[in-house]
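To be precise, the following lines are data-v7.txt, and they hold compact mmCIF, C-alpha atoms.
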```txt
# COMPACT_ATOMS: atom_id res chain seq x y z
CA MET J 14 44.72 -42.40 171.70
CA PRO J 15 46.47 -45.29 173.46
CA SER J 16 50.02 -46.39 172.79
CA SER J 17 51.16 -47.39 169.31
CA THR J 18 54.31 -49.40 168.55
CA LEU J 19 57.12 -47.59 166.77
CA SER J 20 58.47 -49.46 163.74
CA LEU J 21 61.75 -49.28 161.87
CA GLY J 22 61.73 -47.34 158.64
CA GLU J 23 58.59 -45.37 159.34
CA PRO J 24 58.50 -41.70 158.27
CA ALA J 25 59.51 -39.13 160.87
CA GLY J 26 56.02 -37.64 160.74
CA ILE J 27 54.49 -40.97 161.78
CA THR J 28 57.01 -41.40 164.59
CA GLY J 29 56.22 -37.91 165.82
CA ALA J 30 52.48 -38.55 165.70
CA LYS J 31 52.83 -41.77 167.72
CA GLN J 32 54.95 -39.98 170.31
CA LYS J 33 52.33 -37.26 170.69
CA LEU J 34 49.49 -39.76 170.83
CA ALA J 35 51.28 -41.65 173.61
CA ASN J 36 50.36 -38.75 175.90
CA PHE J 37 46.76 -38.44 174.72
CA GLU J 38 45.45 -40.62 177.54
CA THR J 39 47.01 -41.25 180.93
CA GLU J 40 47.47 -44.82 182.04
CA GLU J 41 45.69 -44.06 185.30
CA GLY J 42 42.68 -42.53 183.56
CA ARG J 43 42.22 -45.20 180.92
CA THR J 44 42.84 -48.11 183.27
CA ALA J 45 40.33 -46.83 185.83
CA ALA J 46 37.64 -46.98 183.14
CA LEU J 47 38.50 -50.46 181.90
CA ASP J 48 39.82 -52.48 184.86
CA GLY J 49 36.45 -53.13 186.48
CA THR J 50 36.40 -50.04 188.69
CA PHE J 51 33.65 -48.56 186.49
CA ARG J 52 30.54 -50.73 186.66
CA PRO J 53 27.87 -49.93 184.06
CA ARG J 54 24.19 -49.89 184.92
CA GLN J 55 21.93 -52.30 183.04
CA THR J 56 20.25 -49.37 181.30
CA ASP J 57 23.52 -47.70 180.18
CA VAL J 58 23.94 -47.46 176.41
CA PHE J 59 27.40 -47.66 174.84
CA VAL J 60 28.18 -46.47 171.31
CA VAL J 61 30.86 -48.96 170.24
CA THR J 62 33.00 -48.43 167.18
CA SER J 63 36.45 -48.75 165.80
CA PRO J 64 37.61 -45.16 165.14
CA LYS J 65 35.97 -43.40 162.17
CA CYS J 66 33.01 -45.75 161.84
CA GLY J 67 30.29 -43.25 162.70
CA THR J 68 31.00 -42.71 166.39
CA THR J 69 30.12 -39.02 166.61
CA TRP J 70 27.08 -39.52 164.40
CA MET J 71 25.70 -42.23 166.68
CA GLN J 72 26.55 -40.22 169.80
CA GLN J 73 24.32 -37.49 168.43
CA VAL J 74 21.56 -39.96 167.56
CA VAL J 75 21.36 -41.45 171.04
CA HIS J 76 21.57 -38.08 172.75
CA ALA J 77 18.88 -36.55 170.53
CA LEU J 78 16.57 -39.49 171.24
CA ARG J 79 16.96 -39.47 175.01
CA SER J 80 16.85 -35.65 175.35
CA ARG J 81 14.37 -34.67 172.61
CA GLY J 82 17.04 -32.72 170.77
CA ASP J 83 18.96 -31.05 173.60
CA GLU J 84 21.80 -28.77 172.46
CA ASN J 85 22.97 -27.64 175.89
CA PHE J 86 26.45 -29.14 175.77
CA GLN J 87 29.88 -27.81 174.89
CA GLU J 88 30.85 -30.78 172.76
CA ILE J 89 29.09 -34.10 172.16
CA SER J 90 31.54 -36.03 174.36
CA GLN J 91 30.48 -33.87 177.28
CA ALA J 92 26.94 -35.23 176.88
CA VAL J 93 28.01 -38.73 175.82
CA PRO J 94 31.38 -39.31 177.53
CA TRP J 95 34.21 -41.28 175.94
CA ILE J 96 34.94 -43.78 178.71
CA GLU J 97 38.64 -44.32 177.89
CA LEU J 98 39.30 -40.58 178.17
CA ALA J 99 36.64 -39.45 180.64
CA ASN J 100 38.85 -39.46 183.73
CA ASP J 101 41.43 -37.32 181.93
CA LEU J 102 38.68 -34.83 181.06
CA ASN J 103 37.57 -34.58 184.69
CA GLN J 104 34.39 -36.56 184.01
CA ASN J 105 33.15 -39.03 186.61
CA LEU J 106 31.80 -42.12 184.90
CA ASP J 107 29.63 -42.92 187.91
CA ASP J 108 27.75 -39.62 187.77
CA ASP J 109 24.12 -39.45 186.66
CA HIS J 110 23.49 -37.82 183.29
CA ALA J 111 21.10 -34.97 182.62
CA PHE J 112 18.97 -37.40 180.59
CA GLU J 113 18.20 -41.11 180.77
CA PRO J 114 19.46 -43.56 179.85
CA ARG J 115 23.11 -42.75 180.45
CA CYS J 116 25.03 -42.96 177.18
CA PHE J 117 28.74 -43.45 176.58
CA LYS J 118 31.19 -43.83 173.71
CA THR J 119 33.99 -46.39 173.48
CA HIS J 120 36.51 -47.72 170.97
CA CYS J 121 37.11 -50.86 173.06
CA TRP J 122 37.12 -54.26 171.48
CA HIS J 123 34.84 -56.72 173.24
CA THR J 124 37.50 -58.12 175.58
CA HIS J 125 38.23 -54.74 177.17
CA CYS J 126 34.77 -53.21 177.10
CA PRO J 127 33.06 -52.84 180.51
CA LYS J 128 30.22 -55.36 180.72
CA GLY J 129 26.71 -54.95 182.08
CA GLY J 130 25.10 -52.32 179.83
CA LYS J 131 23.66 -52.22 176.30
CA TYR J 132 25.86 -51.85 173.22
CA ILE J 133 25.23 -50.25 169.84
CA TYR J 134 27.90 -51.46 167.43
CA VAL J 135 28.41 -49.53 164.19
CA ALA J 136 30.48 -51.20 161.46
CA ARG J 137 31.82 -49.42 158.37
CA HIS J 138 33.60 -50.47 155.20
CA PRO J 139 37.37 -50.52 155.82
CA HIS J 140 38.01 -48.88 152.45
CA ALA J 141 36.25 -45.78 153.85
CA VAL J 142 37.59 -46.01 157.39
CA GLY J 143 41.27 -45.72 156.49
CA PRO J 144 41.06 -42.46 154.52
CA SER J 145 38.70 -40.98 157.13
CA PHE J 146 41.18 -41.77 159.92
CA TYR J 147 43.97 -40.11 157.94
CA ARG J 148 41.91 -36.98 157.38
CA PHE J 149 40.90 -36.86 161.06
CA LEU J 150 44.38 -37.15 162.59
CA GLY J 151 46.04 -35.10 159.85
CA GLY J 152 46.26 -31.47 160.91
CA TRP J 153 45.99 -32.56 164.53
CA PHE J 154 48.83 -34.99 165.26
CA PHE J 155 50.73 -34.65 162.01
CA ASP J 156 50.89 -32.43 158.96
CA THR J 157 49.45 -34.01 155.83
CA LYS J 158 52.21 -32.21 153.90
CA ASP J 159 54.74 -34.41 155.71
CA VAL J 160 52.79 -37.68 155.82
CA SER J 161 50.98 -39.13 152.83
CA MET J 162 47.83 -41.18 153.19
CA GLU J 163 49.73 -44.24 151.99
CA GLU J 164 52.38 -43.74 154.68
CA PHE J 165 49.81 -43.21 157.40
CA LEU J 166 47.75 -46.24 156.50
CA HIS J 167 50.77 -48.51 156.08
CA HIS J 168 52.75 -47.48 159.18
CA PHE J 169 49.91 -46.54 161.54
CA TRP J 170 46.51 -48.02 160.71
CA LEU J 171 47.55 -51.30 159.09
CA ASN J 172 50.30 -51.68 161.67
CA ARG J 173 47.83 -52.12 164.54
CA GLY J 174 47.02 -55.62 165.74
CA GLU J 175 45.54 -57.43 168.72
CA PRO J 176 45.90 -55.49 171.98
CA THR J 177 48.39 -56.83 174.51
CA SER J 178 47.31 -54.49 177.32
CA LEU J 179 44.48 -52.16 178.36
CA MET J 180 46.54 -49.28 176.96
CA GLU J 181 46.25 -50.50 173.37
CA ASN J 182 43.36 -50.24 170.94
CA ALA J 183 42.53 -53.15 168.67
CA SER J 184 43.03 -52.85 164.96
CA TYR J 185 39.91 -52.19 162.90
CA TRP J 186 39.82 -55.89 161.95
CA HIS J 187 40.37 -57.34 165.45
CA HIS J 188 37.79 -54.92 166.83
CA LEU J 189 35.10 -56.00 164.37
CA ALA J 190 36.00 -59.69 164.76
CA SER J 191 35.68 -59.44 168.55
CA TRP J 192 32.14 -58.05 168.40
CA TRP J 193 30.75 -60.00 165.42
CA PRO J 194 29.95 -63.16 167.46
CA ARG J 195 27.83 -60.96 169.77
CA ARG J 196 25.75 -59.39 167.00
CA HIS J 197 22.55 -61.23 167.95
CA ASP J 198 22.91 -60.89 171.72
CA ASP J 199 19.96 -59.21 173.42
CA ASP J 200 22.23 -56.47 174.77
CA VAL J 201 23.79 -55.67 171.37
CA LEU J 202 22.32 -53.70 168.47
CA TRP J 203 24.41 -54.20 165.33
CA LEU J 204 24.27 -51.49 162.66
CA HIS J 205 26.17 -50.57 159.53
CA TYR J 206 27.27 -47.04 158.73
CA GLU J 207 26.10 -47.52 155.16
CA ASP J 208 22.60 -48.42 156.39
CA MET J 209 22.50 -45.14 158.30
CA ARG J 210 23.39 -43.23 155.16
CA GLN J 211 20.78 -45.08 153.13
CA ASP J 212 17.87 -44.99 155.60
CA LEU J 213 18.69 -42.98 158.71
CA ARG J 214 15.11 -42.93 159.90
CA ALA J 215 14.81 -46.71 159.96
CA CYS J 216 18.08 -46.99 161.88
CA ILE J 217 17.01 -44.33 164.37
CA LYS J 218 13.79 -46.21 165.07
CA ARG J 219 15.79 -49.37 165.76
CA VAL J 220 18.10 -47.42 168.07
CA ALA J 221 15.14 -45.87 169.91
CA ALA J 222 13.51 -49.23 170.53
CA PHE J 223 16.80 -50.69 171.72
CA MET J 224 17.37 -47.79 174.13
CA GLY J 225 13.88 -48.09 175.58
CA VAL J 226 12.70 -44.86 173.95
CA ASP J 227 9.27 -44.80 172.29
CA ALA J 228 10.05 -45.62 168.66
CA SER J 229 6.41 -44.97 167.72
CA ASP J 230 6.74 -41.29 168.69
CA GLU J 231 7.03 -39.94 165.15
CA THR J 232 7.62 -36.38 166.38
CA LEU J 233 10.65 -37.55 168.35
CA VAL J 234 11.93 -39.65 165.46
CA ASP J 235 11.54 -36.66 163.12
CA LEU J 236 13.50 -34.49 165.56
CA ALA J 237 16.26 -37.06 165.97
CA CYS J 238 16.56 -37.37 162.19
CA GLU J 239 16.84 -33.60 161.82
CA ARG J 240 19.35 -33.22 164.67
CA SER J 241 21.56 -36.02 163.32
CA SER J 242 21.39 -34.95 159.69
CA GLU J 243 24.56 -33.99 157.84
CA ALA J 244 23.22 -30.48 157.30
CA TYR J 245 22.49 -29.93 160.99
CA MET J 246 25.80 -31.34 162.20
CA ARG J 247 27.74 -29.22 159.71
CA GLU J 248 25.84 -26.10 160.81
CA LYS J 249 26.57 -26.95 164.46
CA ALA J 250 30.10 -28.20 163.83
CA HIS J 251 31.38 -26.57 167.03
CA LEU J 252 29.39 -29.16 168.99
CA PHE J 253 31.27 -32.00 167.30
CA ASP J 254 34.84 -30.71 166.90
CA GLU J 255 36.68 -32.31 169.86
CA ASN J 256 37.05 -28.92 171.56
CA LEU J 257 36.65 -30.57 174.97
CA THR J 258 39.41 -33.06 174.21
CA ARG J 259 41.67 -30.37 172.78
CA ARG J 260 41.23 -28.18 175.86
CA PHE J 261 42.29 -30.94 178.25
CA ARG J 262 44.76 -33.01 176.22
CA ASN J 263 46.45 -30.98 173.46
CA ASP J 264 48.96 -29.42 175.83
CA ALA J 265 49.92 -32.83 177.23
CA CYS J 266 50.56 -33.97 173.66
CA GLY J 267 52.70 -30.93 172.89
CA LEU J 268 50.08 -29.47 170.58
CA PRO J 269 48.56 -25.98 170.34
CA PHE J 270 44.94 -25.72 171.46
CA GLU J 271 43.67 -24.92 167.96
CA ALA J 272 45.08 -28.16 166.52
CA GLY J 273 42.25 -30.60 165.82
CA GLY J 274 40.83 -33.09 163.34
CA VAL J 275 37.94 -32.76 160.89
CA LYS J 276 34.84 -34.79 161.81
CA ILE J 277 31.87 -33.52 159.84
CA THR J 278 32.44 -33.52 156.07
CA GLN J 279 30.21 -33.50 153.03
CA SER J 280 29.88 -36.70 151.05
CA GLY J 281 31.78 -35.25 148.10
CA GLU J 282 34.75 -34.39 150.31
CA ARG J 283 35.44 -37.99 151.27
CA GLU J 284 38.63 -39.51 149.86
CA ARG J 285 39.04 -43.01 148.52
CA LEU J 286 41.46 -45.67 149.66
CA PRO J 287 44.61 -45.54 147.47
CA ALA J 288 44.47 -48.36 144.94
CA GLU J 289 47.90 -49.67 145.95
CA LEU J 290 46.64 -50.33 149.50
CA VAL J 291 43.37 -52.06 148.65
CA ASP J 292 45.06 -55.47 148.53
CA ALA J 293 46.77 -54.91 151.89
CA VAL J 294 43.51 -53.87 153.55
CA ASP J 295 41.63 -56.80 152.05
CA ALA J 296 44.39 -59.18 153.13
CA ARG J 297 43.99 -58.09 156.75
CA TRP J 298 40.27 -58.83 156.45
CA ARG J 299 40.97 -62.34 155.17
CA ASP J 300 43.52 -62.95 157.93
CA VAL J 301 41.45 -61.68 160.86
CA VAL J 302 37.74 -61.35 160.05
CA LEU J 303 37.17 -64.22 157.59
CA PRO J 304 38.06 -66.98 160.10
CA VAL J 305 35.59 -65.56 162.64
CA SER J 306 32.74 -64.55 160.34
CA GLY J 307 33.04 -66.84 157.33
CA CYS J 308 32.71 -63.68 155.21
CA ALA J 309 35.48 -62.94 152.71
CA THR J 310 34.60 -59.25 152.31
CA TYR J 311 32.82 -56.46 154.13
CA GLU J 312 30.04 -56.55 151.55
CA GLU J 313 29.49 -60.25 152.24
CA LEU J 314 29.43 -59.60 155.99
CA ARG J 315 26.83 -56.88 155.58
CA ARG J 316 24.74 -59.12 153.35
CA THR J 317 25.06 -61.96 155.84
CA PHE J 318 23.83 -59.80 158.68
CA TRP J 319 20.79 -58.70 156.72
CA ASN J 320 19.96 -62.27 155.80
CA GLU J 321 20.27 -63.40 159.41
CA ARG J 322 18.42 -60.70 161.28
CA VAL J 323 16.32 -58.61 158.96
CA LEU J 324 15.34 -60.55 155.88
CA GLY J 325 15.67 -64.14 157.02
CA ARG J 326 15.94 -65.18 153.40
CA GLY J 327 18.63 -66.29 150.97
CA ASP J 328 21.29 -64.09 149.39
CA ASP J 329 19.37 -63.77 146.16
CA ASP J 330 16.53 -62.05 147.99
CA VAL J 331 18.60 -59.12 149.26
CA PRO J 332 17.69 -56.03 147.21
CA ASP J 333 20.69 -54.95 145.11
CA THR J 334 19.90 -51.31 145.84
CA PHE J 335 20.40 -51.92 149.56
CA LEU J 336 24.03 -52.90 149.15
CA LYS J 337 25.07 -49.88 147.10
```
As a first step, turn the structure in this file into structure tokens.
Amino acid sequence: MPSSTLSLGEPAGITGAKQKLANFETEEGRTAALDGTFRPRQTDVFVVTSPKCGTTWMQQVVHALRSRGDENFQEISQAVPWIELANDLNQNLDDDHAFEPRCFKTHCWHTHCPKGGKYIYVARHPHAVGPSFYRFLGGWFFDTKDVSMEEFLHHFWLNRGEPTSLMENASYWHHLASWWPRRHDDDVLWLHYEDMRQDLRACIKRVAAFMGVDASDETLVDLACERSSEAYMREKAHLFDENLTRRFRNDACGLPFEAGGVKITQSGERERLPAELVDAVDARWRDVVLPVSGCATYEELRRTFWNERVLGRGDDDVPDTFLK
């Protein structure tokens, strides 16, 4: 995780987490991936998300599609490298992959993302992203007994803004706002996490076609659906548990190897955004995303996208069941 600014009055647990995270990536490793040294191929596919918007899920989707369900990897980011961290994990971004097309993961906003490949952007409701981020970093970089969700979201997640260097990640809102104008570009496939939960098969077929994989191969689509199902990924949790990252970076962060975040959870285990922070999260949306998108809420943005690209009809024609 790139650098985060320390702020006055923040809990000691948050300060400690930021100090540990400052060593998560090296400046040399991250910069080499983002400064133009790494040049993507036209066929390369990038899974692009703000953290906790379905990154691991989509990594598994693209890998299952290109490999017909291969499981011969230690952890998903070995098969689908995280470009910002790859150099620190002894991965060469210029290497060929075992399967084509080459696939990568990134949390870069559009300005910093290497250009020249194809990009699958997955958006998710901010009210779900915040609690998921807390649960993921809690138990890894801080103890949830010492840092409440409200403290984490206020002093860490909401405190992020627009990057001032390659070493900084964009806030959730700046990240989404940077990619939204590109949503209809030929080299961008825009998806919503909620669409994947509602109709994974339809989303997988769109991903396959975008990647250049035969979307009419129903056997392959069936396999990709099975290999990216919640049940499968929970059963094979060791393939999605950041063990590769922990092995190479926990020591540098002053953490024991076994420390790590939770990625694969059941729907009923997901926590809700604390009511007292809903207004603050929505205010960030109005400040950052509304001026770029014209959409006052995430729900309106999702509806707008469907009207534009899928339905091509007015708001009243969008099925209410779709937006649940």
Could you list, as a list in words, every residue within 8 Å of region 211-216 of chain J, counting all atoms listed in the file and ignoring same-chain residues fewer than 6 positions away? Leu204, Val234, Asp235, Cys238 and Phe335 of chain J
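Counting from CA of His138 (chain J), the distance to CA of Glu312 (chain J) is 7.9 Å.
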Which residues of region 157-251 of chain J sit at most 8 Å from region 60-73 of chain J, using only C-alpha atoms? Give each one's shortest atom pair and distance in Å (one decimal place), in chain and ascending residue order, as JSON lines.
```
{"residue": "J:Ser184", "atom": "CA", "partner": "J:Ser63", "partner_atom": "CA", "distance": 7.8}
{"residue": "J:Tyr185", "atom": "CA", "partner": "J:Ser63", "partner_atom": "CA", "distance": 5.7}
{"residue": "J:His188", "atom": "CA", "partner": "J:Ser63", "partner_atom": "CA", "distance": 6.4}
{"residue": "J:Leu189", "atom": "CA", "partner": "J:Ser63", "partner_atom": "CA", "distance": 7.5}
{"residue": "J:Tyr206", "atom": "CA", "partner": "J:Gly67", "partner_atom": "CA", "distance": 6.3}
{"residue": "J:Arg240", "atom": "CA", "partner": "J:Gln73", "partner_atom": "CA", "distance": 7.6}
{"residue": "J:Ser241", "atom": "CA", "partner": "J:Gln73", "partner_atom": "CA", "distance": 6.0}
```
Keeping only C-alpha atoms, write the selected residues to a file as a short mmCIF file (atom, residue, chain, number, x, y, z; two decimals), keeping the file's coordinate frame.
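In the end it all went to again-v3.cif:
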```cif
data_model
loop_
_atom_site.label_atom_id
_atom_site.label_comp_id
_atom_site.auth_asym_id
_atom_site.auth_seq_id
_atom_site.Cartn_x
_atom_site.Cartn_y
_atom_site.Cartn_z
CA SER J 184 43.03 -52.85 164.96
CA TYR J 185 39.91 -52.19 162.90
CA HIS J 188 37.79 -54.92 166.83
CA LEU J 189 35.10 -56.00 164.37
CA TYR J 206 27.27 -47.04 158.73
CA ARG J 240 19.35 -33.22 164.67
CA SER J 241 21.56 -36.02 163.32
#
```
Among the residues J:Gly151, J:Gly274, J:Gly42, J:Pro24, the one that comes closest to Trp95 (chain J) [using all atoms listed in the file]: J:Gly42
Residues at most 10 Å from region 285-294 of chain J, counting all atoms listed in the file, excluding those fewer than 6 positions away in the same chain, as an MDAnalysis selection string? chainID J and resid 139:145 162:163 166:167 170:171 186
Neighbourhood query: residues within 9 Å of (18.4, -57.8, 163.5), file coordinates, counting all atoms listed in the file; return as number ranges by chain. J: 196-197, 202-204, 318-319, 321-324
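When all atoms listed in the file are used to measure the gap to Tyr147 (chain J), the shortest distance among J:Glu164, J:Pro127, J:Gln32, J:Ala92 belongs to J:Glu164.
The space between CA of Phe155 (chain J) and CA of Leu252 (chain J) spans 23.1 Å.
Take CA of Ala244 (chain J) and CA of Phe223 (chain J): the distance between them is 25.6 Å.
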Do a neighbour search on His251 (chain J) at 9 Å with only C-alpha atoms, toss out local chain neighbours closer than 5 positions, and write the hits as a ChimeraX atom specification. /J:87-88,246,256
Taking (39.8, -27.2, 171.0) in the coordinates of the supplied file, I want to know which residues reach to within 10 Å of it, counting all atoms listed in the file; could you give the answer as a short mmCIF file (atom, residue, chain, number, x, y, z; two decimals) with C-alpha atoms, in the coordinates of the input?
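See selection-v1.cif below for the written result:
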```cif
data_model
loop_
_atom_site.label_atom_id
_atom_site.label_comp_id
_atom_site.auth_asym_id
_atom_site.auth_seq_id
_atom_site.Cartn_x
_atom_site.Cartn_y
_atom_site.Cartn_z
CA GLU J 88 30.85 -30.78 172.76
CA HIS J 251 31.38 -26.57 167.03
CA ASP J 254 34.84 -30.71 166.90
CA GLU J 255 36.68 -32.31 169.86
CA ASN J 256 37.05 -28.92 171.56
CA LEU J 257 36.65 -30.57 174.97
CA THR J 258 39.41 -33.06 174.21
CA ARG J 259 41.67 -30.37 172.78
CA ARG J 260 41.23 -28.18 175.86
CA PHE J 261 42.29 -30.94 178.25
CA ARG J 262 44.76 -33.01 176.22
CA ASN J 263 46.45 -30.98 173.46
CA PRO J 269 48.56 -25.98 170.34
CA PHE J 270 44.94 -25.72 171.46
CA GLU J 271 43.67 -24.92 167.96
CA ALA J 272 45.08 -28.16 166.52
CA GLY J 273 42.25 -30.60 165.82
CA GLY J 274 40.83 -33.09 163.34
#
```
Return the padded bounding box of region 249-260 of chain J as lines of an AutoDock Vina configuration file: axis-aligned, built from all atoms listed in the file, 6 Å added on each side, with centre and edge lengths in Å to one decimal.
```
center_x = 34.1
center_y = -29.8
center_z = 169.8
size_x = 27.1
size_y = 18.5
size_z = 24.0
```
Using all atoms listed in the file, which protein or nucleic acid residues come within 9 Å of Ser191 (chain J)? Drop anything in the same chain fewer than 6 positions from it, and give the result as a tab-separated table (two decimals) with C-alpha atoms, in the coordinates of the input.
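part.tsv, freshly written:
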```tsv
chain	number	residue	atom	x	y	z
J	122	TRP	CA	37.12	-54.26	171.48
J	123	HIS	CA	34.84	-56.72	173.24
J	124	THR	CA	37.50	-58.12	175.58
J	302	VAL	CA	37.74	-61.35	160.05
J	305	VAL	CA	35.59	-65.56	162.64
```
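Among J:Glu313, J:Glu97, J:Glu239, J:Asp295, the residue with the shortest atom-to-atom distance to Glu181 (chain J), counting only C-alpha atoms, is J:Glu97.
Minimum distance to Pro94 (chain J) across J:Val58, J:Leu47, J:Cys116, J:Cys121 (counting all atoms listed in the file) occurs at J:Cys116.
Residues lying within 8 Å of Ala77 (chain J), counting only C-alpha atoms and ignoring same-chain neighbours fewer than 3 positions away, are Gln73, Val74, Ser80, Arg81, Gly82, Asp83, Leu236, Ala237, Arg240 and Ser241 of chain J.
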File contents for region 112-143 of chain J with C-alpha atoms as a CSV table (one decimal), in the first residue's frame:
```
chain,number,residue,atom,x,y,z
J,112,PHE,CA,-1.8,-18.4,-20.6
J,113,GLU,CA,-2.9,-15.7,-23.1
J,114,PRO,CA,-3.8,-12.9,-22.9
J,115,ARG,CA,-1.5,-11.6,-20.2
J,116,CYS,CA,-3.6,-10.4,-17.3
J,117,PHE,CA,-2.7,-7.9,-14.5
J,118,LYS,CA,-4.3,-6.2,-11.5
J,119,THR,CA,-3.9,-2.5,-10.6
J,120,HIS,CA,-5.4,0.0,-8.2
J,121,CYS,CA,-4.1,2.9,-10.3
J,122,TRP,CA,-6.4,5.8,-11.1
J,123,HIS,CA,-6.4,6.6,-14.8
J,124,THR,CA,-3.6,9.2,-14.7
J,125,HIS,CA,-1.1,6.7,-13.3
J,126,CYS,CA,-2.2,3.5,-15.1
J,127,PRO,CA,0.1,2.2,-17.8
J,128,LYS,CA,-1.5,2.8,-21.2
J,129,GLY,CA,-1.7,0.5,-24.2
J,130,GLY,CA,-3.7,-2.5,-23.0
J,131,LYS,CA,-7.3,-3.3,-22.3
J,132,TYR,CA,-9.0,-2.4,-19.0
J,133,ILE,CA,-11.8,-4.0,-17.0
J,134,TYR,CA,-13.1,-1.5,-14.5
J,135,VAL,CA,-15.2,-2.8,-11.6
J,136,ALA,CA,-17.1,-0.2,-9.6
J,137,ARG,CA,-18.8,-0.9,-6.2
J,138,HIS,CA,-21.1,1.0,-3.9
J,139,PRO,CA,-19.0,3.1,-1.5
J,140,HIS,CA,-21.2,2.1,1.4
J,141,ALA,CA,-20.0,-1.5,1.0
J,142,VAL,CA,-16.4,-0.6,0.1
J,143,GLY,CA,-15.5,1.2,3.3
```
